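Trainee: Supplied in structure tokens, the structure appears directly below.
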Amino acid sequence: MLEVIDINKTFDNGFEALKAIDFTIEKGDLVCLLGPSGCGKSTILNIIAGLLSPTKGDIKFDGRSVVEVEPKDRNIGFVFQNYALYPHMTVLENIMFPLTVGPKKKDKAEAQKIAEEYMKLTNIEELADKKPGTLSGGQQQRVAITRALVQNPEVLLLDEPLSNLDARLRLKIREEIRRLVKEVGITTVFVTHDQEEALSISDKIILLNEGVVQQDDDPQNLYLEPNNLFVAKFIGNPIINTFEAEVKGDKLYFDDYSIPLSNFKEDRFKEKLVDGKYILGIRPEDVHPSASGIFKAVISQVELIGRERILNFYLNEDRFKSIVSVEEQIDAGMELAFDFAYKKAFIFKESGERVY
Ligand code: ATP
């Protein structure tokens, strides 16, 4: 429904911010553009909105190219990080405003009726007469989203909409946004650098780095089947354990240990491993204390995070993390043997490409 086709963006200073960006978003889906600061998320959003033009490529809504269409004629709702509400207008006036300007403007009574319907949907009816300056961040965000929806746009664009809210409110509002956009059935593009936020609300995630799509997939696949080392490290908290490793013959060596390649699951190898250097990746929940474990290590630190404990330990210089249930009485200083779930491990080439 929303197609971003082979987009490149080179700014006037010669910086190539986007390289061959290509993805499709189905009607009614909520998709997150995710990635570290500077990876190009806002640039893509601005190109979809028409605030920036691409150097190359096309944008289509329902099969129609919109690159030549003015932003105001693209039928888009845009919610900015800082909400951009009009301070001198009440909440109701803010929400009515887009309905009272432009070629399709409604008379005042009609605009108010529509605004009030949407305010019911977003649960802000009681804020109608307040000025934005007197509202909390969460309330302002609801008003901004309502103002975007009231125009009945084809596509809703949200640029880091929760970044000005405290942690608890972020959780609440992100659930509300998901519920709301699903209820309205609007195609939504949500920009965030927070992987947990993206995992929790998206139908699909487009993970970017340095202007290149690293993976375009459903949230579960990003975690379980990362395309490359960047994706494996970006998704998951605590971060995946990674080690320099070497394949020689039929064994994989790392630190003082060696693992027969036959311990890994044969059909997960994307190619036969030739001798050379690799990076072994294993998620903290796949490293377990086990009486028959192959590594022994002293726990250096234990972090309690609610129902789980994160155990930190070192094998030579390499720091490992293992997640266990809070019920396991393990404290710093204890020596334990560990094993890991080879079948769930990953092996990457030095270039980052995943081979297992
Ligand atoms: P953030 O999360 O920090 O907002 P982002 O992923 O949204 O980051 P963009 O704002 O899209 O990143 O910027 C992508 C890259 O393009 C950055 O390196 C940025 O410095 C660069 N950039 C953005 N606008 C311009 C411009 N007008 N001229 C030159 N470079 C630009």
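Chains: A, B, ... in order of the structure tokens. Residues: from 1 per chain. Ligands: from 1, in order shown.
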Give me, as CSV, each residue of chain A that comes within 7 Å of ligand 1, together with its shortest interatomic pair and the distance in Å at one decimal, counting only C-alpha atoms and all ligand atoms, with rows ordered by chain and rising residue number.
Mentor:
residue,atom,partner,partner_atom_place_in_ligand_line,distance
A:Phe11,CA,ligand 1,28 (N),4.9
A:Asp12,CA,ligand 1,28 (N),6.3
A:Asn13,CA,ligand 1,29 (C),5.9
A:Phe15,CA,ligand 1,30 (N),5.9
A:Ala17,CA,ligand 1,16 (O),4.6
A:Gly35,CA,ligand 1,6 (O),6.3
A:Pro36,CA,ligand 1,2 (O),6.1
A:Ser37,CA,ligand 1,3 (O),3.6
A:Gly38,CA,ligand 1,12 (O),3.4
A:Cys39,CA,ligand 1,6 (O),3.9
A:Gly40,CA,ligand 1,11 (O),3.2
A:Lys41,CA,ligand 1,6 (O),3.9
A:Ser42,CA,ligand 1,7 (O),3.6
A:Thr43,CA,ligand 1,11 (O),3.7
A:Ile44,CA,ligand 1,11 (O),6.5
A:His193,CA,ligand 1,2 (O),6.1
Trainee: Those same residues - N, CA and C atoms - I'd like them written as a PDB file, in the first residue's frame.
Mentor:
ATOM      1  N   PHE A  11      22.608  14.671   0.380  1.00  0.00           N
ATOM      2  CA  PHE A  11      22.380  16.074   0.742  1.00  0.00           C
ATOM      3  C   PHE A  11      23.337  16.978  -0.047  1.00  0.00           C
ATOM      4  N   ASP A  12      23.057  18.282   0.008  1.00  0.00           N
ATOM      5  CA  ASP A  12      23.851  19.252  -0.779  1.00  0.00           C
ATOM      6  C   ASP A  12      25.345  19.190  -0.473  1.00  0.00           C
ATOM      7  N   ASN A  13      25.674  18.804   0.768  1.00  0.00           N
ATOM      8  CA  ASN A  13      27.104  18.728   1.121  1.00  0.00           C
ATOM      9  C   ASN A  13      27.751  17.439   0.618  1.00  0.00           C
ATOM     10  N   PHE A  15      26.797  14.348   1.311  1.00  0.00           N
ATOM     11  CA  PHE A  15      26.630  13.200   2.214  1.00  0.00           C
ATOM     12  C   PHE A  15      25.475  12.316   1.747  1.00  0.00           C
ATOM     13  N   ALA A  17      22.907  10.011   2.687  1.00  0.00           N
ATOM     14  CA  ALA A  17      22.248   9.593   3.933  1.00  0.00           C
ATOM     15  C   ALA A  17      21.420   8.325   3.750  1.00  0.00           C
ATOM     16  N   GLY A  35      16.586   2.247  14.382  1.00  0.00           N
ATOM     17  CA  GLY A  35      18.026   2.285  14.136  1.00  0.00           C
ATOM     18  C   GLY A  35      18.681   3.334  15.005  1.00  0.00           C
ATOM     19  N   PRO A  36      20.014   3.307  15.076  1.00  0.00           N
ATOM     20  CA  PRO A  36      20.721   4.254  15.930  1.00  0.00           C
ATOM     21  C   PRO A  36      20.620   5.680  15.387  1.00  0.00           C
ATOM     22  N   SER A  37      20.966   6.629  16.199  1.00  0.00           N
ATOM     23  CA  SER A  37      20.927   8.027  15.816  1.00  0.00           C
ATOM     24  C   SER A  37      21.742   8.241  14.533  1.00  0.00           C
ATOM     25  N   GLY A  38      21.146   8.965  13.584  1.00  0.00           N
ATOM     26  CA  GLY A  38      21.873   9.288  12.362  1.00  0.00           C
ATOM     27  C   GLY A  38      21.762   8.243  11.258  1.00  0.00           C
ATOM     28  N   CYS A  39      20.979   7.176  11.475  1.00  0.00           N
ATOM     29  CA  CYS A  39      20.925   6.114  10.456  1.00  0.00           C
ATOM     30  C   CYS A  39      20.023   6.483   9.283  1.00  0.00           C
ATOM     31  N   GLY A  40      19.215   7.540   9.438  1.00  0.00           N
ATOM     32  CA  GLY A  40      18.399   7.985   8.303  1.00  0.00           C
ATOM     33  C   GLY A  40      16.896   7.848   8.488  1.00  0.00           C
ATOM     34  N   LYS A  41      16.457   7.548   9.710  1.00  0.00           N
ATOM     35  CA  LYS A  41      15.022   7.321   9.959  1.00  0.00           C
ATOM     36  C   LYS A  41      14.187   8.559   9.623  1.00  0.00           C
ATOM     37  N   SER A  42      14.584   9.697  10.176  1.00  0.00           N
ATOM     38  CA  SER A  42      13.795  10.919   9.950  1.00  0.00           C
ATOM     39  C   SER A  42      13.846  11.341   8.494  1.00  0.00           C
ATOM     40  N   THR A  43      14.974  11.108   7.843  1.00  0.00           N
ATOM     41  CA  THR A  43      15.090  11.463   6.425  1.00  0.00           C
ATOM     42  C   THR A  43      14.064  10.667   5.614  1.00  0.00           C
ATOM     43  N   ILE A  44      13.912   9.390   5.916  1.00  0.00           N
ATOM     44  CA  ILE A  44      12.909   8.574   5.198  1.00  0.00           C
ATOM     45  C   ILE A  44      11.503   9.117   5.468  1.00  0.00           C
ATOM     46  N   HIS A 193      14.365   4.878  18.111  1.00  0.00           N
ATOM     47  CA  HIS A 193      15.689   4.247  18.214  1.00  0.00           C
ATOM     48  C   HIS A 193      15.664   3.204  19.326  1.00  0.00           C
TER      49      HIS A 193
END
Trainee: Can you tell me, as a PyMOL selection string, which residues in region 87-308 of chain A count as strand (DSSP E or B) by DSSP?
Mentor: chain A and resi 155-159+187-192+204-209+212-217+228+241-248+251-254+257-260+276-282+287-289+295-305+308
Trainee: If we count only C-alpha atoms, what is near region 94-98 of chain A at a cut-off of 12 Å, once residues fewer than 4 positions away on the same chain are taken out, given as an NGL selection string?
Mentor: :A and (72 or 75-78 or 83-90 or 102-119 or 122 or 124-125 or 127-132 or 140 or 142-153)
Trainee: Keeping only C-alpha atoms, write the selected residues as a JSON list (two decimals), in the first residue's frame.
Mentor:
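Wrote out-v2.json, looks like this:
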[["chain", "number", "residue", "atom", "x", "y", "z"],
["A", 72, "LYS", "CA", -0.20, 19.26, 1.90],
["A", 75, "ASN", "CA", -3.07, 13.12, 2.72],
["A", 76, "ILE", "CA", -0.64, 12.41, 5.52],
["A", 77, "GLY", "CA", -0.85, 12.93, 9.27],
["A", 78, "PHE", "CA", 2.52, 13.86, 10.80],
["A", 83, "TYR", "CA", 4.06, 17.81, 19.39],
["A", 84, "ALA", "CA", 4.00, 21.25, 17.65],
["A", 85, "LEU", "CA", 0.63, 22.26, 19.14],
["A", 86, "TYR", "CA", -0.57, 25.86, 18.80],
["A", 87, "PRO", "CA", -0.04, 27.33, 22.29],
["A", 88, "HIS", "CA", -2.67, 30.09, 22.03],
["A", 89, "MET", "CA", -5.47, 27.70, 21.01],
["A", 90, "THR", "CA", -7.41, 25.34, 23.27],
["A", 102, "GLY", "CA", -7.52, 24.28, 2.95],
["A", 103, "PRO", "CA", -9.71, 23.38, -0.01],
["A", 104, "LYS", "CA", -11.73, 20.73, 1.85],
["A", 105, "LYS", "CA", -12.50, 22.96, 4.84],
["A", 106, "LYS", "CA", -15.64, 22.29, 6.84],
["A", 107, "ASP", "CA", -17.95, 24.76, 8.54],
["A", 108, "LYS", "CA", -17.32, 25.30, 12.23],
["A", 109, "ALA", "CA", -20.14, 23.10, 13.58],
["A", 110, "GLU", "CA", -19.16, 20.19, 11.35],
["A", 111, "ALA", "CA", -15.44, 20.57, 12.29],
["A", 112, "GLN", "CA", -16.33, 20.56, 15.98],
["A", 113, "LYS", "CA", -18.47, 17.45, 15.61],
["A", 114, "ILE", "CA", -15.66, 15.52, 13.91],
["A", 115, "ALA", "CA", -13.06, 16.79, 16.41],
["A", 116, "GLU", "CA", -15.24, 15.67, 19.32],
["A", 117, "GLU", "CA", -15.70, 12.20, 17.83],
["A", 118, "TYR", "CA", -11.96, 11.71, 17.59],
["A", 119, "MET", "CA", -11.41, 13.15, 21.08],
["A", 122, "THR", "CA", -8.40, 9.11, 22.17],
["A", 124, "ILE", "CA", -9.22, 13.46, 25.79],
["A", 125, "GLU", "CA", -12.75, 14.90, 25.84],
["A", 127, "LEU", "CA", -9.19, 18.40, 28.00],
["A", 128, "ALA", "CA", -11.20, 20.29, 25.35],
["A", 129, "ASP", "CA", -10.98, 23.76, 26.92],
["A", 130, "LYS", "CA", -7.39, 23.57, 28.18],
["A", 131, "LYS", "CA", -4.39, 25.25, 26.61],
["A", 132, "PRO", "CA", -1.48, 22.96, 25.58],
["A", 140, "GLN", "CA", -0.03, 16.78, 24.69],
["A", 142, "ARG", "CA", -2.61, 12.44, 22.69],
["A", 143, "VAL", "CA", -3.75, 15.84, 21.42],
["A", 144, "ALA", "CA", -1.09, 15.84, 18.69],
["A", 145, "ILE", "CA", -2.12, 12.36, 17.55],
["A", 146, "THR", "CA", -5.81, 13.29, 17.60],
["A", 147, "ARG", "CA", -5.05, 16.38, 15.50],
["A", 148, "ALA", "CA", -3.27, 14.18, 12.96],
["A", 149, "LEU", "CA", -6.07, 11.59, 12.83],
["A", 150, "VAL", "CA", -8.92, 14.06, 12.50],
["A", 151, "GLN", "CA", -7.86, 14.76, 8.91],
["A", 152, "ASN", "CA", -8.56, 11.10, 8.12],
["A", 153, "PRO", "CA", -5.13, 10.71, 6.50]]
Trainee: Please report as a tab-separated table every residue of region 204-305 of chain A lying within 12 Å of region 1-8 of chain A, along with the nearest atom pair and their distance in Å (one decimal), using only C-alpha atoms.
Mentor:
residue	atom	partner	partner_atom	distance
A:Ile206	CA	A:Val4	CA	11.8
A:Gly211	CA	A:Asn8	CA	8.8
A:Val212	CA	A:Asn8	CA	9.8
A:Val213	CA	A:Asp6	CA	11.0
Trainee: Rank A:Thr55, A:Lys296, A:Leu30, A:Ala341 by their smallest atom-to-atom distance to Leu199 (chain A), using only C-alpha atoms, and report the top residue only.
Mentor: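 Going through A:Thr55, A:Lys296, A:Leu30, A:Ala341 one by one, the smallest distance to Leu199 (chain A) is for A:Leu30.
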Trainee: So, with only C-alpha atoms as the atoms that count, which of A:Arg354, A:Arg168, A:Lys343, A:Lys321 lies closest to Tyr278 (chain A)?
Mentor: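 Checking each candidate against Tyr278 (chain A), we get A:Arg354 as the closest.
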Trainee: Using only C-alpha atoms, find the one residue out of A:Arg74, A:His288, A:Gly28, A:Val326 that sits nearest to Leu180 (chain A).
Mentor: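 For Leu180 (chain A), the nearest of the candidates is A:Gly28.
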Trainee: Which one is closest to Asn263 (chain A): A:Ile240, A:Gly276, A:Tyr342, A:Gly293? Count only C-alpha atoms.
Mentor: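 Of A:Ile240, A:Gly276, A:Tyr342, A:Gly293, the one nearest Asn263 (chain A) is A:Tyr342, counting only C-alpha atoms.
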Trainee: Just give me the gap between CA of Ile48 (chain A) and CA of Lys120 (chain A) in Å, one decimal is fine.
Mentor: 29.0 Å
Trainee: Suppose you want the space between CA of Ile186 (chain A) and CA of Asp58 (chain A); what is it in Å?
Mentor: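 Going from CA of Ile186 (chain A) over to CA of Asp58 (chain A) covers 21.4 Å.
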Trainee: Using only C-alpha atoms, which residues sit within 10 Å of region 310-319 of chain A once same-chain residues fewer than 3 positions away are excluded, as a PyMOL selection string?
Mentor: chain A and resi 238+241-244+254-257+284-285+287-289+295-305+322-326+330-333+335-336
Trainee: Generate the output file for the selected residues, N, CA and C atoms, as an mmCIF file, in the first residue's frame.
Mentor:
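File result-v1.cif, as written:
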data_model
loop_
_atom_site.group_PDB
_atom_site.id
_atom_site.type_symbol
_atom_site.label_atom_id
_atom_site.label_comp_id
_atom_site.auth_asym_id
_atom_site.auth_seq_id
_atom_site.Cartn_x
_atom_site.Cartn_y
_atom_site.Cartn_z
ATOM 1 N N PRO A 238 19.581 -7.978 27.870
ATOM 2 C CA PRO A 238 20.926 -7.470 27.602
ATOM 3 C C PRO A 238 21.423 -7.892 26.217
ATOM 4 N N ASN A 241 25.929 -11.960 23.733
ATOM 5 C CA ASN A 241 27.355 -12.202 23.987
ATOM 6 C C ASN A 241 28.031 -12.494 22.653
ATOM 7 N N THR A 242 29.170 -11.857 22.403
ATOM 8 C CA THR A 242 29.904 -12.162 21.155
ATOM 9 C C THR A 242 31.379 -12.414 21.453
ATOM 10 N N PHE A 243 31.958 -13.316 20.727
ATOM 11 C CA PHE A 243 33.363 -13.698 20.930
ATOM 12 C C PHE A 243 34.049 -13.900 19.618
ATOM 13 N N GLU A 244 35.330 -13.568 19.619
ATOM 14 C CA GLU A 244 36.140 -13.912 18.451
ATOM 15 C C GLU A 244 36.368 -15.409 18.473
ATOM 16 N N PHE A 254 37.322 -20.938 20.731
ATOM 17 C CA PHE A 254 37.240 -19.585 21.296
ATOM 18 C C PHE A 254 37.722 -19.641 22.730
ATOM 19 N N ASP A 255 38.383 -18.548 23.156
ATOM 20 C CA ASP A 255 39.074 -18.544 24.449
ATOM 21 C C ASP A 255 39.900 -19.820 24.573
ATOM 22 N N ASP A 256 39.763 -20.561 25.698
ATOM 23 C CA ASP A 256 40.560 -21.782 25.851
ATOM 24 C C ASP A 256 39.764 -23.010 25.444
ATOM 25 N N TYR A 257 38.641 -22.787 24.762
ATOM 26 C CA TYR A 257 37.724 -23.898 24.525
ATOM 27 C C TYR A 257 37.631 -24.235 23.057
ATOM 28 N N PRO A 284 22.117 -14.136 26.110
ATOM 29 C CA PRO A 284 22.285 -14.430 27.542
ATOM 30 C C PRO A 284 21.331 -15.508 28.065
ATOM 31 N N GLU A 285 20.138 -15.604 27.484
ATOM 32 C CA GLU A 285 19.199 -16.619 27.980
ATOM 33 C C GLU A 285 19.547 -18.008 27.467
ATOM 34 N N VAL A 287 22.683 -19.161 27.688
ATOM 35 C CA VAL A 287 23.865 -19.582 28.456
ATOM 36 C C VAL A 287 23.352 -20.008 29.831
ATOM 37 N N HIS A 288 23.559 -21.296 30.184
ATOM 38 C CA HIS A 288 22.944 -21.798 31.413
ATOM 39 C C HIS A 288 23.967 -22.367 32.377
ATOM 40 N N PRO A 289 23.805 -22.112 33.667
ATOM 41 C CA PRO A 289 24.587 -22.867 34.643
ATOM 42 C C PRO A 289 24.192 -24.343 34.513
ATOM 43 N N PHE A 295 32.355 -24.741 30.495
ATOM 44 C CA PHE A 295 33.195 -23.660 31.023
ATOM 45 C C PHE A 295 32.969 -23.522 32.509
ATOM 46 N N LYS A 296 34.048 -23.165 33.211
ATOM 47 C CA LYS A 296 33.904 -22.820 34.625
ATOM 48 C C LYS A 296 34.267 -21.360 34.772
ATOM 49 N N ALA A 297 33.466 -20.647 35.556
ATOM 50 C CA ALA A 297 33.785 -19.231 35.731
ATOM 51 C C ALA A 297 33.260 -18.753 37.072
ATOM 52 N N VAL A 298 33.921 -17.698 37.565
ATOM 53 C CA VAL A 298 33.479 -17.080 38.817
ATOM 54 C C VAL A 298 32.564 -15.913 38.459
ATOM 55 N N ILE A 299 31.426 -15.860 39.127
ATOM 56 C CA ILE A 299 30.465 -14.780 38.859
ATOM 57 C C ILE A 299 31.049 -13.468 39.383
ATOM 58 N N SER A 300 31.160 -12.481 38.508
ATOM 59 C CA SER A 300 31.751 -11.209 38.945
ATOM 60 C C SER A 300 30.695 -10.243 39.460
ATOM 61 N N GLN A 301 29.485 -10.359 38.923
ATOM 62 C CA GLN A 301 28.447 -9.402 39.321
ATOM 63 C C GLN A 301 27.080 -10.013 39.025
ATOM 64 N N VAL A 302 26.106 -9.707 39.875
ATOM 65 C CA VAL A 302 24.736 -10.179 39.636
ATOM 66 C C VAL A 302 23.813 -8.964 39.606
ATOM 67 N N GLU A 303 23.038 -8.836 38.541
ATOM 68 C CA GLU A 303 22.063 -7.736 38.467
ATOM 69 C C GLU A 303 20.673 -8.351 38.599
ATOM 70 N N LEU A 304 19.897 -7.811 39.517
ATOM 71 C CA LEU A 304 18.538 -8.316 39.712
ATOM 72 C C LEU A 304 17.595 -7.438 38.896
ATOM 73 N N ILE A 305 16.856 -8.044 37.955
ATOM 74 C CA ILE A 305 15.897 -7.230 37.186
ATOM 75 C C ILE A 305 14.514 -7.862 37.293
ATOM 76 N N SER A 322 24.617 -14.170 31.485
ATOM 77 C CA SER A 322 23.683 -15.290 31.464
ATOM 78 C C SER A 322 22.451 -14.862 32.245
ATOM 79 N N ILE A 323 21.273 -15.176 31.727
ATOM 80 C CA ILE A 323 20.045 -14.811 32.446
ATOM 81 C C ILE A 323 19.482 -16.058 33.109
ATOM 82 N N VAL A 324 19.208 -15.954 34.408
ATOM 83 C CA VAL A 324 18.563 -17.071 35.109
ATOM 84 C C VAL A 324 17.365 -16.523 35.884
ATOM 85 N N SER A 325 16.533 -17.427 36.338
ATOM 86 C CA SER A 325 15.360 -17.000 37.100
ATOM 87 C C SER A 325 15.800 -16.411 38.437
ATOM 88 N N VAL A 326 15.003 -15.483 38.936
ATOM 89 C CA VAL A 326 15.313 -14.841 40.227
ATOM 90 C C VAL A 326 15.370 -15.875 41.358
ATOM 91 N N ILE A 330 21.964 -17.371 43.202
ATOM 92 C CA ILE A 330 23.350 -17.269 42.737
ATOM 93 C C ILE A 330 23.859 -15.870 43.061
ATOM 94 N N ASP A 331 25.018 -15.805 43.710
ATOM 95 C CA ASP A 331 25.572 -14.507 44.087
ATOM 96 C C ASP A 331 26.967 -14.323 43.519
ATOM 97 N N ALA A 332 27.412 -13.062 43.514
ATOM 98 C CA ALA A 332 28.766 -12.766 43.052
ATOM 99 C C ALA A 332 29.764 -13.569 43.873
ATOM 100 N N GLY A 333 30.842 -14.010 43.231
ATOM 101 C CA GLY A 333 31.891 -14.761 43.919
ATOM 102 C C GLY A 333 31.755 -16.265 43.765
ATOM 103 N N GLU A 335 31.571 -19.902 42.039
ATOM 104 C CA GLU A 335 32.116 -20.486 40.811
ATOM 105 C C GLU A 335 31.108 -21.495 40.257
ATOM 106 N N LEU A 336 30.804 -21.360 38.979
ATOM 107 C CA LEU A 336 29.795 -22.241 38.376
ATOM 108 C C LEU A 336 30.297 -22.765 37.042
#
Trainee: Find the distance between CA of Leu224 (chain A) and CA of Lys344 (chain A) and write it in Å to one decimal.
Mentor: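 One can read the CA of Leu224 (chain A) to CA of Lys344 (chain A) distance as 8.3 Å.
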